[in-house]
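Engineer: My structure file start18.cif, mmCIF, C-alpha atoms, is below:
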```cif
data_my_file
loop_
_atom_site.group_PDB
_atom_site.id
_atom_site.type_symbol
_atom_site.label_atom_id
_atom_site.label_comp_id
_atom_site.auth_asym_id
_atom_site.auth_seq_id
_atom_site.Cartn_x
_atom_site.Cartn_y
_atom_site.Cartn_z
ATOM 1 C CA MET Z 3 -67.872 18.006 39.048
ATOM 2 C CA THR Z 4 -68.872 17.919 35.367
ATOM 3 C CA GLN Z 5 -71.521 20.472 34.422
ATOM 4 C CA SER Z 6 -74.523 18.690 32.885
ATOM 5 C CA LEU Z 7 -75.729 19.736 29.434
ATOM 6 C CA PRO Z 8 -79.276 20.943 28.770
ATOM 7 C CA PRO Z 9 -81.662 18.371 27.254
ATOM 8 C CA LEU Z 10 -80.797 17.506 23.656
ATOM 9 C CA ASN Z 11 -84.344 18.196 22.452
ATOM 10 C CA ALA Z 12 -84.177 21.728 23.852
ATOM 11 C CA LEU Z 13 -80.826 22.350 22.147
ATOM 12 C CA ARG Z 14 -82.150 20.990 18.843
ATOM 13 C CA ALA Z 15 -85.219 23.209 19.052
ATOM 14 C CA PHE Z 16 -83.127 26.278 19.834
ATOM 15 C CA GLU Z 17 -80.547 25.520 17.128
ATOM 16 C CA ALA Z 18 -83.206 25.146 14.454
ATOM 17 C CA ALA Z 19 -85.050 28.315 15.537
ATOM 18 C CA ALA Z 20 -81.808 30.315 15.701
ATOM 19 C CA ARG Z 21 -80.526 29.025 12.345
ATOM 20 C CA LEU Z 22 -83.832 29.622 10.575
ATOM 21 C CA GLN Z 23 -84.605 32.804 12.562
ATOM 22 C CA SER Z 24 -88.145 31.550 12.947
ATOM 23 C CA ILE Z 25 -90.013 29.532 15.574
ATOM 24 C CA GLY Z 26 -92.550 28.449 12.957
ATOM 25 C CA GLN Z 27 -89.983 27.265 10.433
ATOM 26 C CA ALA Z 28 -88.104 25.388 13.163
ATOM 27 C CA ALA Z 29 -91.358 23.639 14.097
ATOM 28 C CA GLY Z 30 -91.833 22.626 10.461
ATOM 29 C CA GLU Z 31 -88.269 21.334 10.127
ATOM 30 C CA LEU Z 32 -88.506 19.234 13.312
ATOM 31 C CA ASN Z 33 -92.107 18.177 12.602
ATOM 32 C CA VAL Z 34 -93.471 19.489 15.915
ATOM 33 C CA THR Z 35 -95.830 22.309 16.868
ATOM 34 C CA HIS Z 36 -94.981 25.983 17.248
ATOM 35 C CA GLY Z 37 -95.799 25.683 20.936
ATOM 36 C CA ALA Z 38 -93.434 22.761 21.406
ATOM 37 C CA ILE Z 39 -90.505 24.805 20.086
ATOM 38 C CA SER Z 40 -91.438 27.753 22.310
ATOM 39 C CA ARG Z 41 -91.620 25.515 25.394
ATOM 40 C CA GLN Z 42 -88.229 23.930 24.626
ATOM 41 C CA VAL Z 43 -86.630 27.364 24.217
ATOM 42 C CA ARG Z 44 -88.148 28.627 27.491
ATOM 43 C CA GLN Z 45 -86.902 25.492 29.254
ATOM 44 C CA LEU Z 46 -83.416 26.139 27.893
ATOM 45 C CA GLU Z 47 -83.520 29.805 28.994
ATOM 46 C CA GLU Z 48 -84.595 28.800 32.511
ATOM 47 C CA GLN Z 49 -81.823 26.232 32.850
ATOM 48 C CA LEU Z 50 -79.127 28.609 31.552
ATOM 49 C CA GLY Z 51 -80.490 31.663 33.346
ATOM 50 C CA VAL Z 52 -80.292 33.876 30.250
ATOM 51 C CA ILE Z 53 -82.667 35.233 27.606
ATOM 52 C CA LEU Z 54 -81.954 33.773 24.174
ATOM 53 C CA PHE Z 55 -84.667 35.435 22.050
ATOM 54 C CA VAL Z 56 -86.520 38.742 22.222
ATOM 55 C CA LYS Z 57 -89.582 39.689 20.197
ATOM 56 C CA GLU Z 58 -89.000 41.912 17.174
ATOM 57 C CA GLY Z 59 -92.099 42.863 15.231
ATOM 58 C CA ARG Z 60 -93.898 39.652 14.408
ATOM 59 C CA GLY Z 61 -90.758 37.601 14.729
ATOM 60 C CA VAL Z 62 -87.893 36.996 17.138
ATOM 61 C CA LYS Z 63 -84.316 38.223 17.417
ATOM 62 C CA LEU Z 64 -81.342 36.595 19.121
ATOM 63 C CA THR Z 65 -79.782 38.252 22.130
ATOM 64 C CA ASP Z 66 -76.008 38.343 22.545
ATOM 65 C CA ALA Z 67 -76.252 35.182 24.651
ATOM 66 C CA GLY Z 68 -78.416 33.617 21.952
ATOM 67 C CA VAL Z 69 -75.840 34.407 19.269
ATOM 68 C CA ARG Z 70 -73.094 32.730 21.308
ATOM 69 C CA LEU Z 71 -75.176 29.613 21.899
ATOM 70 C CA ARG Z 72 -76.342 29.532 18.269
ATOM 71 C CA ASP Z 73 -72.755 29.521 16.969
ATOM 72 C CA ALA Z 74 -71.727 26.740 19.336
ATOM 73 C CA ALA Z 75 -74.859 24.673 18.742
ATOM 74 C CA THR Z 76 -74.736 25.033 14.946
ATOM 75 C CA GLU Z 77 -71.101 23.910 14.841
ATOM 76 C CA ALA Z 78 -71.792 20.963 17.156
ATOM 77 C CA PHE Z 79 -74.843 19.729 15.249
ATOM 78 C CA GLU Z 80 -73.105 20.189 11.895
ATOM 79 C CA ARG Z 81 -70.186 18.068 13.090
ATOM 80 C CA LEU Z 82 -72.606 15.422 14.346
ATOM 81 C CA ARG Z 83 -74.457 15.381 11.013
ATOM 82 C CA SER Z 84 -71.194 15.180 9.062
ATOM 83 C CA THR Z 85 -69.736 12.425 11.257
ATOM 84 C CA CYS Z 86 -72.917 10.353 11.103
ATOM 85 C CA ALA Z 87 -72.985 10.697 7.322
ATOM 86 C CA GLU Z 88 -69.347 9.592 7.086
ATOM 87 C CA LEU Z 89 -69.964 6.587 9.342
ATOM 88 C CA GLN Z 90 -72.878 5.556 7.151
ATOM 89 C CA ARG Z 91 -70.682 5.822 4.041
ATOM 90 C CA GLN Z 92 -68.045 3.620 5.650
ATOM 91 C CA THR Z 93 -70.364 0.645 6.027
ATOM 92 C CA ALA Z 94 -69.748 -2.431 3.912
ATOM 93 C CA GLU Z 95 -72.323 -1.265 1.386
ATOM 94 C CA ALA Z 96 -70.921 2.238 0.930
ATOM 95 C CA PRO Z 97 -68.402 3.012 -1.840
ATOM 96 C CA PHE Z 98 -65.125 4.794 -1.180
ATOM 97 C CA VAL Z 99 -65.412 8.087 -3.088
ATOM 98 C CA LEU Z 100 -62.079 9.353 -4.422
ATOM 99 C CA GLY Z 101 -61.688 12.824 -5.906
ATOM 100 C CA CYS Z 102 -59.054 13.123 -8.623
ATOM 101 C CA PRO Z 103 -58.137 15.794 -11.209
ATOM 102 C CA GLY Z 104 -59.381 14.748 -14.626
ATOM 103 C CA SER Z 105 -55.911 14.683 -16.208
ATOM 104 C CA LEU Z 106 -54.487 12.401 -13.531
ATOM 105 C CA LEU Z 107 -57.600 10.246 -13.659
ATOM 106 C CA ALA Z 108 -57.579 9.782 -17.431
ATOM 107 C CA ARG Z 109 -53.849 9.388 -18.022
ATOM 108 C CA TRP Z 110 -52.706 7.413 -14.979
ATOM 109 C CA PHE Z 111 -55.524 6.139 -12.790
ATOM 110 C CA ILE Z 112 -58.010 4.650 -15.275
ATOM 111 C CA PRO Z 113 -55.412 2.429 -17.036
ATOM 112 C CA ARG Z 114 -54.756 0.855 -13.608
ATOM 113 C CA LEU Z 115 -58.351 0.784 -12.401
ATOM 114 C CA ASP Z 116 -59.087 -2.823 -13.341
ATOM 115 C CA ARG Z 117 -56.014 -4.047 -11.444
ATOM 116 C CA LEU Z 118 -56.909 -1.903 -8.431
ATOM 117 C CA ASN Z 119 -60.464 -3.274 -8.341
ATOM 118 C CA ARG Z 120 -59.119 -6.825 -8.456
ATOM 119 C CA ASP Z 121 -56.584 -6.181 -5.675
ATOM 120 C CA LEU Z 122 -58.886 -4.121 -3.408
ATOM 121 C CA PRO Z 123 -62.486 -5.218 -4.133
ATOM 122 C CA GLU Z 124 -63.591 -4.103 -0.662
ATOM 123 C CA LEU Z 125 -63.057 -0.451 -1.651
ATOM 124 C CA ARG Z 126 -66.020 -0.407 -4.029
ATOM 125 C CA LEU Z 127 -64.222 2.606 -5.477
ATOM 126 C CA GLN Z 128 -66.227 5.488 -6.904
ATOM 127 C CA LEU Z 129 -64.346 8.248 -8.759
ATOM 128 C CA SER Z 130 -65.127 11.965 -8.858
ATOM 129 C CA ALA Z 131 -63.237 13.887 -11.534
ATOM 130 C CA SER Z 132 -62.557 17.615 -11.645
ATOM 131 C CA GLU Z 133 -59.846 20.039 -12.666
ATOM 132 C CA GLY Z 134 -60.895 22.419 -9.893
ATOM 133 C CA GLU Z 135 -60.298 22.139 -6.185
ATOM 134 C CA LEU Z 136 -61.303 18.759 -4.779
ATOM 135 C CA ASP Z 137 -61.589 19.326 -1.050
ATOM 136 C CA PRO Z 138 -62.077 16.024 0.836
ATOM 137 C CA ARG Z 139 -63.514 18.004 3.762
ATOM 138 C CA LYS Z 140 -66.663 18.510 1.698
ATOM 139 C CA PRO Z 141 -69.537 16.023 1.924
ATOM 140 C CA GLY Z 142 -69.486 13.384 -0.780
ATOM 141 C CA LEU Z 143 -65.726 12.742 -0.861
ATOM 142 C CA ASP Z 144 -63.732 10.312 1.271
ATOM 143 C CA ALA Z 145 -60.285 11.251 -0.073
ATOM 144 C CA THR Z 146 -58.484 13.204 -2.798
ATOM 145 C CA LEU Z 147 -55.553 12.155 -4.977
ATOM 146 C CA CYS Z 148 -53.539 15.126 -6.269
ATOM 147 C CA TYR Z 149 -50.163 16.772 -6.731
ATOM 148 C CA ALA Z 150 -49.449 19.259 -3.949
ATOM 149 C CA GLU Z 151 -46.593 20.903 -2.070
ATOM 150 C CA PRO Z 152 -46.080 20.811 1.724
ATOM 151 C CA PRO Z 153 -46.662 21.969 4.399
ATOM 152 C CA TRP Z 154 -49.818 19.932 4.944
ATOM 153 C CA PRO Z 155 -52.924 21.210 6.798
ATOM 154 C CA ALA Z 156 -53.177 20.102 10.420
ATOM 155 C CA ASP Z 157 -56.699 18.719 9.907
ATOM 156 C CA MET Z 158 -55.642 16.389 7.064
ATOM 157 C CA GLN Z 159 -53.937 12.997 6.995
ATOM 158 C CA VAL Z 160 -51.719 13.272 3.917
ATOM 159 C CA PHE Z 161 -50.092 10.141 2.478
ATOM 160 C CA GLU Z 162 -47.049 11.060 0.390
ATOM 161 C CA LEU Z 163 -46.930 8.578 -2.489
ATOM 162 C CA ALA Z 164 -44.152 9.772 -4.802
ATOM 163 C CA ALA Z 165 -42.116 12.832 -5.691
ATOM 164 C CA GLU Z 166 -43.318 14.807 -8.688
ATOM 165 C CA ARG Z 167 -40.860 14.757 -11.583
ATOM 166 C CA ILE Z 168 -41.550 16.983 -14.595
ATOM 167 C CA GLY Z 169 -39.961 17.184 -18.010
ATOM 168 C CA PRO Z 170 -40.516 18.224 -21.630
ATOM 169 C CA VAL Z 171 -42.112 15.689 -23.982
ATOM 170 C CA LEU Z 172 -42.764 15.665 -27.709
ATOM 171 C CA SER Z 173 -44.256 13.346 -30.270
ATOM 172 C CA PRO Z 174 -42.285 11.515 -32.982
ATOM 173 C CA TYR Z 175 -44.640 13.395 -35.334
ATOM 174 C CA HIS Z 176 -43.289 16.781 -34.221
ATOM 175 C CA PRO Z 177 -41.838 18.488 -37.337
ATOM 176 C CA ARG Z 178 -38.452 19.015 -35.632
ATOM 177 C CA CYS Z 179 -38.378 15.780 -33.629
ATOM 178 C CA ALA Z 180 -35.222 14.373 -35.214
ATOM 179 C CA GLU Z 181 -33.372 17.650 -34.607
ATOM 180 C CA LEU Z 182 -34.653 18.294 -31.099
ATOM 181 C CA ARG Z 183 -34.211 14.817 -29.634
ATOM 182 C CA SER Z 184 -30.425 15.100 -29.949
ATOM 183 C CA ALA Z 185 -30.228 18.798 -28.979
ATOM 184 C CA PRO Z 186 -29.346 20.204 -25.522
ATOM 185 C CA PRO Z 187 -32.096 21.662 -23.273
ATOM 186 C CA ALA Z 188 -31.187 25.182 -24.429
ATOM 187 C CA ALA Z 189 -32.643 24.322 -27.836
ATOM 188 C CA LEU Z 190 -36.106 24.671 -26.313
ATOM 189 C CA LEU Z 191 -35.549 28.414 -25.914
ATOM 190 C CA ASP Z 192 -36.259 28.678 -29.641
ATOM 191 C CA GLU Z 193 -39.507 26.679 -29.400
ATOM 192 C CA ALA Z 194 -43.026 28.044 -28.856
ATOM 193 C CA LEU Z 195 -43.733 25.822 -25.874
ATOM 194 C CA LEU Z 196 -47.135 24.316 -25.099
ATOM 195 C CA HIS Z 197 -48.301 25.100 -21.565
ATOM 196 C CA THR Z 198 -51.312 25.139 -19.229
ATOM 197 C CA ALA Z 199 -52.935 28.015 -17.362
ATOM 198 C CA SER Z 200 -53.241 25.767 -14.293
ATOM 199 C CA ARG Z 201 -49.465 25.220 -13.975
ATOM 200 C CA PRO Z 202 -47.768 28.454 -15.157
ATOM 201 C CA GLN Z 203 -44.747 27.712 -12.957
ATOM 202 C CA ALA Z 204 -43.900 24.377 -14.629
ATOM 203 C CA TRP Z 205 -41.720 25.615 -17.503
ATOM 204 C CA PRO Z 206 -39.867 28.254 -15.413
ATOM 205 C CA ALA Z 207 -39.165 25.652 -12.696
ATOM 206 C CA TRP Z 208 -37.757 23.242 -15.286
ATOM 207 C CA ALA Z 209 -35.667 25.993 -16.890
ATOM 208 C CA ARG Z 210 -34.081 26.950 -13.578
ATOM 209 C CA GLN Z 211 -33.133 23.307 -12.950
ATOM 210 C CA GLN Z 212 -31.414 23.319 -16.358
ATOM 211 C CA ARG Z 213 -29.602 26.580 -15.517
ATOM 212 C CA LEU Z 214 -31.543 28.401 -18.207
ATOM 213 C CA ASP Z 215 -33.051 31.857 -17.842
ATOM 214 C CA PRO Z 216 -36.864 31.443 -17.528
ATOM 215 C CA ALA Z 217 -37.300 34.919 -19.009
ATOM 216 C CA GLN Z 218 -35.973 33.586 -22.331
ATOM 217 C CA LEU Z 219 -38.680 30.927 -22.638
ATOM 218 C CA ARG Z 220 -41.170 31.415 -25.465
ATOM 219 C CA LEU Z 221 -44.624 30.238 -24.420
ATOM 220 C CA GLY Z 222 -46.883 29.287 -27.294
ATOM 221 C CA GLN Z 223 -50.372 27.751 -27.248
ATOM 222 C CA SER Z 224 -52.009 27.622 -23.815
ATOM 223 C CA PHE Z 225 -54.491 24.959 -22.698
ATOM 224 C CA GLU Z 226 -56.900 25.017 -19.801
ATOM 225 C CA HIS Z 227 -56.119 21.493 -18.627
ATOM 226 C CA LEU Z 228 -53.116 19.203 -18.700
ATOM 227 C CA TYR Z 229 -55.105 16.508 -20.503
ATOM 228 C CA PHE Z 230 -55.621 18.803 -23.528
ATOM 229 C CA LEU Z 231 -51.992 19.887 -23.413
ATOM 230 C CA LEU Z 232 -50.790 16.293 -23.732
ATOM 231 C CA GLU Z 233 -53.269 15.533 -26.499
ATOM 232 C CA ALA Z 234 -51.772 18.460 -28.401
ATOM 233 C CA ALA Z 235 -48.265 17.103 -27.815
ATOM 234 C CA LEU Z 236 -49.352 13.643 -29.025
ATOM 235 C CA ALA Z 237 -50.655 15.274 -32.204
ATOM 236 C CA GLY Z 238 -47.194 16.761 -32.840
ATOM 237 C CA LEU Z 239 -48.289 20.354 -32.252
ATOM 238 C CA GLY Z 240 -45.371 21.251 -29.979
ATOM 239 C CA VAL Z 241 -43.277 20.446 -26.928
ATOM 240 C CA ALA Z 242 -45.233 20.099 -23.661
ATOM 241 C CA ILE Z 243 -44.187 19.699 -20.054
ATOM 242 C CA ALA Z 244 -45.770 17.147 -17.751
ATOM 243 C CA PRO Z 245 -45.298 14.984 -14.650
ATOM 244 C CA GLN Z 246 -43.468 11.752 -15.465
ATOM 245 C CA GLN Z 247 -46.245 9.554 -14.028
ATOM 246 C CA LEU Z 248 -48.814 11.011 -16.413
ATOM 247 C CA VAL Z 249 -46.767 10.263 -19.548
ATOM 248 C CA ALA Z 250 -45.121 6.998 -18.461
ATOM 249 C CA ASP Z 251 -47.440 4.818 -20.548
ATOM 250 C CA ASP Z 252 -47.012 7.065 -23.611
ATOM 251 C CA LEU Z 253 -43.221 6.944 -23.243
ATOM 252 C CA ALA Z 254 -43.255 3.153 -22.917
ATOM 253 C CA ALA Z 255 -45.388 2.860 -26.054
ATOM 254 C CA GLY Z 256 -43.252 5.325 -28.011
ATOM 255 C CA ARG Z 257 -46.112 7.779 -28.472
ATOM 256 C CA LEU Z 258 -44.085 10.458 -26.679
ATOM 257 C CA LEU Z 259 -40.356 11.056 -26.227
ATOM 258 C CA ALA Z 260 -38.550 12.710 -23.303
ATOM 259 C CA PRO Z 261 -35.050 13.495 -24.639
ATOM 260 C CA TRP Z 262 -34.155 15.774 -21.712
ATOM 261 C CA GLY Z 263 -35.358 13.550 -18.898
ATOM 262 C CA PHE Z 264 -37.258 14.671 -15.807
ATOM 263 C CA VAL Z 265 -36.399 16.798 -12.773
ATOM 264 C CA GLU Z 266 -37.856 16.597 -9.291
ATOM 265 C CA THR Z 267 -40.041 19.429 -7.980
ATOM 266 C CA ALA Z 268 -41.159 20.341 -4.474
ATOM 267 C CA ALA Z 269 -44.574 18.785 -5.134
ATOM 268 C CA ARG Z 270 -45.654 15.272 -4.213
ATOM 269 C CA LEU Z 271 -48.339 12.960 -5.495
ATOM 270 C CA THR Z 272 -50.480 12.679 -2.378
ATOM 271 C CA LEU Z 273 -53.624 11.086 -0.996
ATOM 272 C CA TRP Z 274 -55.547 13.446 1.309
ATOM 273 C CA VAL Z 275 -58.001 12.227 3.954
ATOM 274 C CA PRO Z 276 -59.644 14.405 6.638
ATOM 275 C CA ALA Z 277 -57.977 13.387 9.921
ATOM 276 C CA ARG Z 278 -61.237 13.188 11.832
ATOM 277 C CA ARG Z 279 -62.707 10.879 9.156
ATOM 278 C CA MET Z 280 -59.776 8.472 8.786
ATOM 279 C CA ASP Z 281 -60.896 5.289 7.095
ATOM 280 C CA ARG Z 282 -58.869 2.084 7.063
ATOM 281 C CA ARG Z 283 -59.693 1.781 3.361
ATOM 282 C CA ALA Z 284 -57.690 4.964 2.703
ATOM 283 C CA GLU Z 285 -54.608 3.367 4.245
ATOM 284 C CA ARG Z 286 -54.989 0.291 2.032
ATOM 285 C CA LEU Z 287 -55.448 2.480 -1.039
ATOM 286 C CA ALA Z 288 -52.324 4.498 -0.158
ATOM 287 C CA GLU Z 289 -50.304 1.288 0.215
ATOM 288 C CA TRP Z 290 -51.532 0.038 -3.173
ATOM 289 C CA LEU Z 291 -50.733 3.333 -4.883
ATOM 290 C CA ARG Z 292 -47.227 3.426 -3.375
ATOM 291 C CA ASP Z 293 -46.551 -0.130 -4.588
ATOM 292 C CA GLU Z 294 -47.825 0.701 -8.070
ATOM 293 C CA LEU Z 295 -45.691 3.827 -8.312
ATOM 294 C CA ARG Z 296 -42.635 2.040 -6.894
ATOM 295 C CA ASP Z 297 -42.949 -0.818 -9.376
ATOM 296 C CA LYS Z 298 -43.193 1.590 -12.312
ATOM 297 C CA ALA Z 299 -40.205 3.602 -11.109
ATOM 298 C CA ALA Z 300 -38.149 0.418 -10.925
ATOM 299 C CA GLU Z 301 -38.926 -0.560 -14.539
#
```
As structure tokens, how would this structure be written, given the file I've shared?

Structural biologist:
Amino acid sequence: MTQSLPPLNALRAFEAAARLQSIGQAAGELNVTHGAISRQVRQLEEQLGVILFVKEGRGVKLTDAGVRLRDAATEAFERLRSTCAELQRQTAEAPFVLGCPGSLLARWFIPRLDRLNRDLPELRLQLSASEGELDPRKPGLDATLCYAEPPWPADMQVFELAAERIGPVLSPYHPRCAELRSAPPAALLDEALLHTASRPQAWPAWARQQRLDPAQLRLGQSFEHLYFLLEAALAGLGVAIAPQQLVADDLAAGRLLAPWGFVETAARLTLWVPARRMDRRAERLAEWLRDELRDKAAE
């Protein structure tokens, strides 16, 4: 026989009082009287057969049983609040909020945004840019588009969109462009290479794929973000390294050159969605992104 739960109002009163460590503050939060909270807590104690609070000075203190119930109740109510908020965001009027690193957003996503909005108008896409961690578990985000390496967290639905391919790029305005574009990869060992603090492993990973000793690389100017790194490369300030997707438009327009091609890494361009908040719109977005990346790769 299933054990019945205590009344929801009693659990809400206890959870608020335990979280705020105050009967009075709980009453204010729930817009009821101090006495109402006290009665709900006593009712809960009688039903469970345990003491949840004891007096301490002019306030109250949780017992061991109270601590256990507080932890369970807080987690349960937080999940309810989060789920209700997500359901509200998934209504027809709510936008689909996508987190995306600023470099990926500026150099790949925005040039395709008009086409995406035409193809998937029901998304009502809203973009959130950052170079820091964009965790789609946090309130305010429905999904995150980023480069990442497996394994994937068990609580996430991760759509793998394309393999990451990285390679050195330089501008036609680079002082040694004519010499370098016909030189073997080893020629880059004599260059002060542009790099980013966020991806220190990029140049060494490329060097190993070329059978070069990463210890012989000479790292020059460092940039905080990939976007600034590529702007420096476009200005002819040096040779940079970047994912192929982020420089594809520059290569097609001749603004950048990639004489040594690109090599595949262990990372993938991925769309992350919390498994417990799966939204059909995320699946449609993943399908669109895969098609867009596949079409570009075929060109």

Engineer: Once the PyMOL selection byres ((chain Z and resi 162) around 12) has been applied to the shown file, what residues remain in the selection, as a list in words?

Structural biologist: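 Listing what the PyMOL selection byres ((chain Z and resi 162) around 12) selects in the shown file: Leu147, Cys148, Tyr149, Ala150, Glu151, Pro152, Pro153, Trp154, Gln159, Val160, Phe161, Leu163, Ala164, Ala165, Glu166, Ala269, Arg270, Leu271, Thr272, Leu273, Trp274, Val275, Glu285, Ala288, Glu289, Leu291, Arg292 and Leu295 of chain Z.
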
Engineer: Would you save the residues of that selection, restricted to C-alpha atoms, as a PDB file, in the coordinates of the input?

Structural biologist:
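What ended up in out21.pdb:
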```
ATOM      1  CA  LEU Z 147     -55.553  12.155  -4.977  1.00  0.00           C
ATOM      2  CA  CYS Z 148     -53.539  15.126  -6.269  1.00  0.00           C
ATOM      3  CA  TYR Z 149     -50.163  16.772  -6.731  1.00  0.00           C
ATOM      4  CA  ALA Z 150     -49.449  19.259  -3.949  1.00  0.00           C
ATOM      5  CA  GLU Z 151     -46.593  20.903  -2.070  1.00  0.00           C
ATOM      6  CA  PRO Z 152     -46.080  20.811   1.724  1.00  0.00           C
ATOM      7  CA  PRO Z 153     -46.662  21.969   4.399  1.00  0.00           C
ATOM      8  CA  TRP Z 154     -49.818  19.932   4.944  1.00  0.00           C
ATOM      9  CA  GLN Z 159     -53.937  12.997   6.995  1.00  0.00           C
ATOM     10  CA  VAL Z 160     -51.719  13.272   3.917  1.00  0.00           C
ATOM     11  CA  PHE Z 161     -50.092  10.141   2.478  1.00  0.00           C
ATOM     12  CA  LEU Z 163     -46.930   8.578  -2.489  1.00  0.00           C
ATOM     13  CA  ALA Z 164     -44.152   9.772  -4.802  1.00  0.00           C
ATOM     14  CA  ALA Z 165     -42.116  12.832  -5.691  1.00  0.00           C
ATOM     15  CA  GLU Z 166     -43.318  14.807  -8.688  1.00  0.00           C
ATOM     16  CA  ALA Z 269     -44.574  18.785  -5.134  1.00  0.00           C
ATOM     17  CA  ARG Z 270     -45.654  15.272  -4.213  1.00  0.00           C
ATOM     18  CA  LEU Z 271     -48.339  12.960  -5.495  1.00  0.00           C
ATOM     19  CA  THR Z 272     -50.480  12.679  -2.378  1.00  0.00           C
ATOM     20  CA  LEU Z 273     -53.624  11.086  -0.996  1.00  0.00           C
ATOM     21  CA  TRP Z 274     -55.547  13.446   1.309  1.00  0.00           C
ATOM     22  CA  VAL Z 275     -58.001  12.227   3.954  1.00  0.00           C
ATOM     23  CA  GLU Z 285     -54.608   3.367   4.245  1.00  0.00           C
ATOM     24  CA  ALA Z 288     -52.324   4.498  -0.158  1.00  0.00           C
ATOM     25  CA  GLU Z 289     -50.304   1.288   0.215  1.00  0.00           C
ATOM     26  CA  LEU Z 291     -50.733   3.333  -4.883  1.00  0.00           C
ATOM     27  CA  ARG Z 292     -47.227   3.426  -3.375  1.00  0.00           C
ATOM     28  CA  LEU Z 295     -45.691   3.827  -8.312  1.00  0.00           C
TER      29      LEU Z 295
END
```

Engineer: If you measure from CA of Leu13 in chain Z to CA of Phe79 in chain Z, what distance in Å do you get, rounded to one decimal?

Structural biologist: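 Straight-line distance from CA of Leu13 in chain Z to CA of Phe79 in chain Z works out to 9.5 Å.
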
Engineer: Under the rule that only C-alpha atoms are counted, which of Z:Leu219, Z:Val52, Z:Leu107, Z:Leu232 is the nearest residue to Asp252 in chain Z?

Structural biologist: Z:Leu232

Engineer: When you draw a straight line from CA of Arg139 in chain Z to CA of Leu106 in chain Z, how long is it in Å?

Structural biologist: 20.3 Å

Engineer: Which residues fall under the PyMOL selection byres ((chain Z and resi 111-120) around 10) in this file, as a count of residues only?

Structural biologist: 24

Engineer: Evaluate the PyMOL selection byres ((chain Z and resi 38) around 12) on the structure here and hand back the selected residues as a PyMOL selection string.

Structural biologist: chain Z and resi 11-12+14-16+19+25-26+28-30+32-37+39-45

Engineer: What does the file look like for those residues with C-alpha atoms, as a PDB file, in the coordinates of the input?

Structural biologist:
```pdb
ATOM      1  CA  ASN Z  11     -84.344  18.196  22.452  1.00  0.00           C
ATOM      2  CA  ALA Z  12     -84.177  21.728  23.852  1.00  0.00           C
ATOM      3  CA  ARG Z  14     -82.150  20.990  18.843  1.00  0.00           C
ATOM      4  CA  ALA Z  15     -85.219  23.209  19.052  1.00  0.00           C
ATOM      5  CA  PHE Z  16     -83.127  26.278  19.834  1.00  0.00           C
ATOM      6  CA  ALA Z  19     -85.050  28.315  15.537  1.00  0.00           C
ATOM      7  CA  ILE Z  25     -90.013  29.532  15.574  1.00  0.00           C
ATOM      8  CA  GLY Z  26     -92.550  28.449  12.957  1.00  0.00           C
ATOM      9  CA  ALA Z  28     -88.104  25.388  13.163  1.00  0.00           C
ATOM     10  CA  ALA Z  29     -91.358  23.639  14.097  1.00  0.00           C
ATOM     11  CA  GLY Z  30     -91.833  22.626  10.461  1.00  0.00           C
ATOM     12  CA  LEU Z  32     -88.506  19.234  13.312  1.00  0.00           C
ATOM     13  CA  ASN Z  33     -92.107  18.177  12.602  1.00  0.00           C
ATOM     14  CA  VAL Z  34     -93.471  19.489  15.915  1.00  0.00           C
ATOM     15  CA  THR Z  35     -95.830  22.309  16.868  1.00  0.00           C
ATOM     16  CA  HIS Z  36     -94.981  25.983  17.248  1.00  0.00           C
ATOM     17  CA  GLY Z  37     -95.799  25.683  20.936  1.00  0.00           C
ATOM     18  CA  ILE Z  39     -90.505  24.805  20.086  1.00  0.00           C
ATOM     19  CA  SER Z  40     -91.438  27.753  22.310  1.00  0.00           C
ATOM     20  CA  ARG Z  41     -91.620  25.515  25.394  1.00  0.00           C
ATOM     21  CA  GLN Z  42     -88.229  23.930  24.626  1.00  0.00           C
ATOM     22  CA  VAL Z  43     -86.630  27.364  24.217  1.00  0.00           C
ATOM     23  CA  ARG Z  44     -88.148  28.627  27.491  1.00  0.00           C
ATOM     24  CA  GLN Z  45     -86.902  25.492  29.254  1.00  0.00           C
TER      25      GLN Z  45
END
```

Engineer: In terms of the shortest atom-to-atom distance over all atoms listed in the file, which of Z:Gln128, Z:Gln246, Z:Ser184, Z:Ser224 is closest to Thr198 in chain Z?

Structural biologist: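 Between Z:Gln128, Z:Gln246, Z:Ser184, Z:Ser224, the residue approaching Thr198 in chain Z most closely is Z:Ser224.
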
Engineer: Do a neighbour search on Asp144 in chain Z at 7 Å with all atoms listed in the file, toss out local chain neighbours closer than 6 positions, and write the hits as a PyMOL selection string.

Structural biologist: chain Z and resi 98-100+138+275

Engineer: What does the distance between CA of His176 in chain Z and CA of Leu239 in chain Z come to in Å, to one decimal place?

Structural biologist: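 Computing the Euclidean distance for CA of His176 in chain Z and CA of Leu239 in chain Z yields 6.5 Å.
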
Engineer: Between Z:Leu259, Z:Leu196, Z:Pro245, Z:Leu253, which has the minimum distance to Glu226 in chain Z (counting only C-alpha atoms)?

Structural biologist: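 Looking at the shortest contact to Glu226 in chain Z, the residue is Z:Leu196.
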
Engineer: Measuring atom to atom with only C-alpha atoms, identify which of Z:Arg296, Z:Lys63, Z:Arg167, Z:Arg220 is nearest to Trp208 in chain Z.

Structural biologist: Z:Arg167

Engineer: What's around Pro174 in chain Z at 10 Å? Count all atoms listed in the file, leave out sequence neighbours fewer than 6 positions away in its own chain, and write the answer as a PyMOL selection string.

Structural biologist: chain Z and resi 180+183+235-238+256-259

Engineer: Please determine, counting only C-alpha atoms, which residue among Z:Leu190, Z:Cys179, Z:Leu50, Z:Val241 has the shortest atom-to-atom distance to Gln223 in chain Z.

Structural biologist: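 Counting only C-alpha atoms, the residue closest to Gln223 in chain Z is Z:Val241.
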